[in-house]
Amino acid sequence: MVRNYVKKSKYQSWDEEDMTDAVTAVRTNRLSYESAAAVYNVPQTTLFRRAKKACDSQEASTKGLGRFRRCFTSEQEQELVSHCLFMESRYFGLRIKDLRFLAYEFASRNNITHCFNDDKGLAGKDWVLSFLQRHPELALRQPEKTSLARATGFNAVSVGKFFKILDDLFKKHNYTASQIYNVDETGISTVPNKPSKIIASKGKKQVGTLSSAERGTTTTSVICFNAAGRYIPPLLIFPRARENLDLLEGTPPDTHLVCHPSGWMNSDIFCPTWFEHFLKHVQPTATNRALLILDGHASHTKNIRLIETARKNHVDILCIPPHTSHRLQPLDVSFMFPLSTFYSQECELWLRNHPGRQISIRQIGLLFGKAYMRAATLKNAVSGFENTGIWPFNPSIFPEEAFVASETTNRPEPTNPPANTEKANTTVNNTNASYPNESIKEHIDINSSSDEDDVPLMALKNLIATNSVTSEKQNSSCSKNITAEPIAGCSKDMFAGPIADYSKDVPKPVADFSKNMLCTEFVSSEIGEETPENDVGFEVPESPVKEIITSHKESGSFCSPQEIIPVPQCSQNITEQKPRRTRGKTAVITSSPYYLELKEKNKVIPVKVVAPVKRNDGGACNIAKTTKNGLGT
């Protein structure tokens with residue numbers, strides 16, 4: 001095969017860049033063939049032959065042995081590269097088979113000569129490997145699972161609101177690095193999740209490592225540090241009913257011990273237990289206030305006792321936006337991963353030194369203490385606040401590319417015409433009436449300037465194809481819909497877009513790309529042909545190759561990679577599921593508005609309780625009465 005071919009000759013051992021420079025020098029009459037060959041170290045006969053070609057210097061210096069030629073030009077391959085990278089940035093990365101399908105369809109639809117397999121409809125594996133070698137910026141990677149909540153929650157609006165509130169706090173209280181703290185909880189299991197890499201036999205089917213059990217027992221640790229590198233002694237929550245001081249053996253100095261049957265954090269443990277532990281070490285005052293940044297866990301944001309205690313002790317508490325802790329929480333950014341890695345190493349070392357024994361919660365304190373002392377460095381604490389933009393304050397720490405994944409669920413605001421506005425009604429009527437007689441550019445401008453990027457590419461092609469038809473025929477068919485039919489070989493499940501009626505306005509079909517549609521082709525109905533009452537089309541989102549696509553719109557002969565494998569986009573009428581639990585919102589939870597709102601929600605309503613009362617005849621009857629606290633006696 002081509003990918004296993006080993007070159008046996010020395011032909012074309014010259015460099016392509018040197019050949020390009022030599023061809024350019026000869027064509028501009030700066031050097032002769034003999035001088036250019038000597039200066040750029042290329043064969044003179046090869047230079048003479050390639051300089052005579054009727055093409056540019058770069059194409060003339062492209063290498064190629066035998067009958068095999070590159071299928072795509074450099075510009076066309078760059079479009080494929082841009083689309084692959086853009087799909088990956090939206091968390092819909094392409095597999096090898098998707099890339100093979102994309103290359104075949106891209107060549108077929110644009111009438112590019114190729115030697116791909118027409119029966120399978122895919123490019124060959126040899127082409128994929130050569131394509132990856134020509135573009136070292138691409139690589140086959142194992143992706144990390146990212147939940148939909150994290151992908152959509154980390155958006156420019158939520159992050160901007162967080163930094164706006166943080167900026168207001170900085171201007172009001174002038175915090176220093178030693179006054180800004182971050183707290184978070186993490187689980188410590190007797191069975192680490194990810195073992196360390198080991199040296200094993202190459203090609204062995206399964207490589208194992210010893211663990212204490214199939215499933216471990218989880219202990220919760222509460223970690224807190226500030227932007228200056230100071231660490232508050234941790235708090236450990238063991239899954240047991242009674243406290244045992246032996247569990248603190250080997251833990252960091254001044255570690256606080258708490259026992260609870262579940263081993264998880266709750267409101268009563270966070271405040272007063274941990275928060276009093278925090279106040280003991282920080283000791284904030286009216287002139288030296290403390291800022292505590294935490295996530296939206298219910299034990300933090302719905303804890304009235306915590307808010308009241310913080311307000312009395314000069315502590316401001318700021319909650320980060322939901323599902324953004326992987327980017328905005330310093331502990332998650334710089335500390336939790338080293339702690340988990342060091343803890344796994346300590347567990348492996350303990351099992352090696354104690355063969356035949358299992359790790360239990362009695363060894364948690366010792367193993368956690370060793371890992372904590374290795375991870376709790378000044379560098380980790382300072383870099384955590386720096387990489388999140390909290391301190392030093394940097395609201396532009398995240399580039400625009402970091403919010404690309406959230407564009408999938410972005411939906412434009414409804415553009416309803418204002419009521420009782422004669423001018424607005426006249427504008428809408430004029431738009432619908434003037435469209436059939438206007439050009440494509442005018443059609444885009446008339447719709448709206450803010451929705452210019454939302455015009456479907458296939459709808460534009462259909463409009464271009466029918467632009468030569470008389471205005472009378474267009475007026476008669478303006479209310480017709482566009483019919484979408486999948487091509488042969490595609491499953492019906494791949495085409496599951498919402499149905500919309502655009503008979504009263506300019507045809508603007510929309511489809512739901514929440515499912516991955518890879519090979520759906522849309523064919524517009526002929527003018528005057530009877531079509532169903534409702535139609536389905538699709539809308540092409542933005543991509544890095546947008547400018548290239550736009551330049552070919554007028555000709556209608558170019559099919560971009562984005563048309564073949566479109567970027568999935570959430571439909572406008574999607575029904576949102578009600579969240580199981582309410583997460584804390586971005587706010588200063590110690591502020592008066594938030595405190596009063598939470599207090600109103602948790603207000604106790606008196607409840608009638610039926611209490612049994614003895615009767616004179618020795619029986620009993622039920623009399624309803626209202627207790628003082630509403631909980632009965």
# chains A, B, ... in the order shown; residues from 1 in each chain; ligands from 1
$ residues_around --residues "Asp21 of chain A" --least-positions-apart "6" --cutoff "9 Å" --atoms "only C-alpha atoms" --output "PyMOL selection string"
chain A and resi 36+40+57-58
$ residues_around --residues "segment 300-311 of chain A" --least-positions-apart "2" --cutoff "6 Å" --atoms "only C-alpha atoms" --output "PDB file with N, CA and C atoms, in the first residue's frame"
ATOM      1  N   CYS A 271     -21.611  25.206  57.666  1.00  0.00           N
ATOM      2  CA  CYS A 271     -21.761  26.266  58.654  1.00  0.00           C
ATOM      3  C   CYS A 271     -22.702  25.760  59.750  1.00  0.00           C
ATOM      4  N   GLY A 296     -21.844  26.818  43.404  1.00  0.00           N
ATOM      5  CA  GLY A 296     -23.257  26.954  43.722  1.00  0.00           C
ATOM      6  C   GLY A 296     -23.879  25.761  44.393  1.00  0.00           C
ATOM      7  N   HIS A 297     -23.118  24.989  45.171  1.00  0.00           N
ATOM      8  CA  HIS A 297     -23.697  23.859  45.901  1.00  0.00           C
ATOM      9  C   HIS A 297     -24.746  24.354  46.887  1.00  0.00           C
ATOM     10  N   ALA A 298     -25.784  23.537  47.117  1.00  0.00           N
ATOM     11  CA  ALA A 298     -26.896  23.955  47.981  1.00  0.00           C
ATOM     12  C   ALA A 298     -26.445  24.253  49.402  1.00  0.00           C
ATOM     13  N   ASN A 313     -19.340  38.784  60.478  1.00  0.00           N
ATOM     14  CA  ASN A 313     -17.884  38.649  60.632  1.00  0.00           C
ATOM     15  C   ASN A 313     -17.107  39.245  59.457  1.00  0.00           C
ATOM     16  N   HIS A 314     -17.722  40.122  58.671  1.00  0.00           N
ATOM     17  CA  HIS A 314     -17.038  40.895  57.629  1.00  0.00           C
ATOM     18  C   HIS A 314     -16.457  39.995  56.535  1.00  0.00           C
ATOM     19  N   VAL A 315     -17.235  39.034  56.094  1.00  0.00           N
ATOM     20  CA  VAL A 315     -16.829  38.137  55.005  1.00  0.00           C
ATOM     21  C   VAL A 315     -17.816  38.298  53.858  1.00  0.00           C
ATOM     22  N   GLY A 584     -26.875  27.460  42.362  1.00  0.00           N
ATOM     23  CA  GLY A 584     -26.688  28.830  42.788  1.00  0.00           C
ATOM     24  C   GLY A 584     -26.359  29.742  41.620  1.00  0.00           C
ATOM     25  N   THR A 590     -23.918  37.299  50.241  1.00  0.00           N
ATOM     26  CA  THR A 590     -24.020  38.028  51.505  1.00  0.00           C
ATOM     27  C   THR A 590     -24.678  39.394  51.328  1.00  0.00           C
TER      28      THR A 590
END
$ closest_residue --among "A:Asn182, A:Asn353, A:Thr146, A:Gln569" --to "Asp295 of chain A" --atoms "only C-alpha atoms"
A:Asn182
$ atom_distance --atom1 "atom CA of Asp167 of chain A" --atom2 "atom CA of Asn226 of chain A"
17.6 Å
$ residues_around --residues "Leu367 of chain A" --least-positions-apart "2" --cutoff "7 Å" --atoms "only C-alpha atoms" --output "PyMOL selection string"
chain A and resi 343+346-347+363-365+369-371
$ write_last_selection --atoms "C-alpha atoms" --output "short mmCIF file (atom, residue, chain, number, x, y, z; two decimals), in the first residue's frame"
data_model
loop_
_atom_site.label_atom_id
_atom_site.label_comp_id
_atom_site.auth_asym_id
_atom_site.auth_seq_id
_atom_site.Cartn_x
_atom_site.Cartn_y
_atom_site.Cartn_z
CA TYR A 343 -2.93 10.45 46.33
CA GLU A 346 0.66 7.13 47.76
CA CYS A 347 -2.03 4.41 47.62
CA GLN A 363 -5.43 4.84 56.33
CA ILE A 364 -7.13 7.74 54.55
CA GLY A 365 -5.70 10.39 56.88
CA GLY A 369 -1.73 13.95 54.42
CA LYS A 370 1.24 12.88 52.32
CA ALA A 371 -0.48 13.81 49.06
#
$ residues_around --residues "segment 121-138 of chain A" --least-positions-apart "2" --cutoff "7 Å" --atoms "only C-alpha atoms" --output "ChimeraX atom specification"
/A:2-3,100-101,103-104,116-119
$ closest_residue --among "A:Ser360, A:Thr24, A:Gln76, A:Thr388" --to "Lys52 of chain A" --atoms "only C-alpha atoms"
A:Thr24
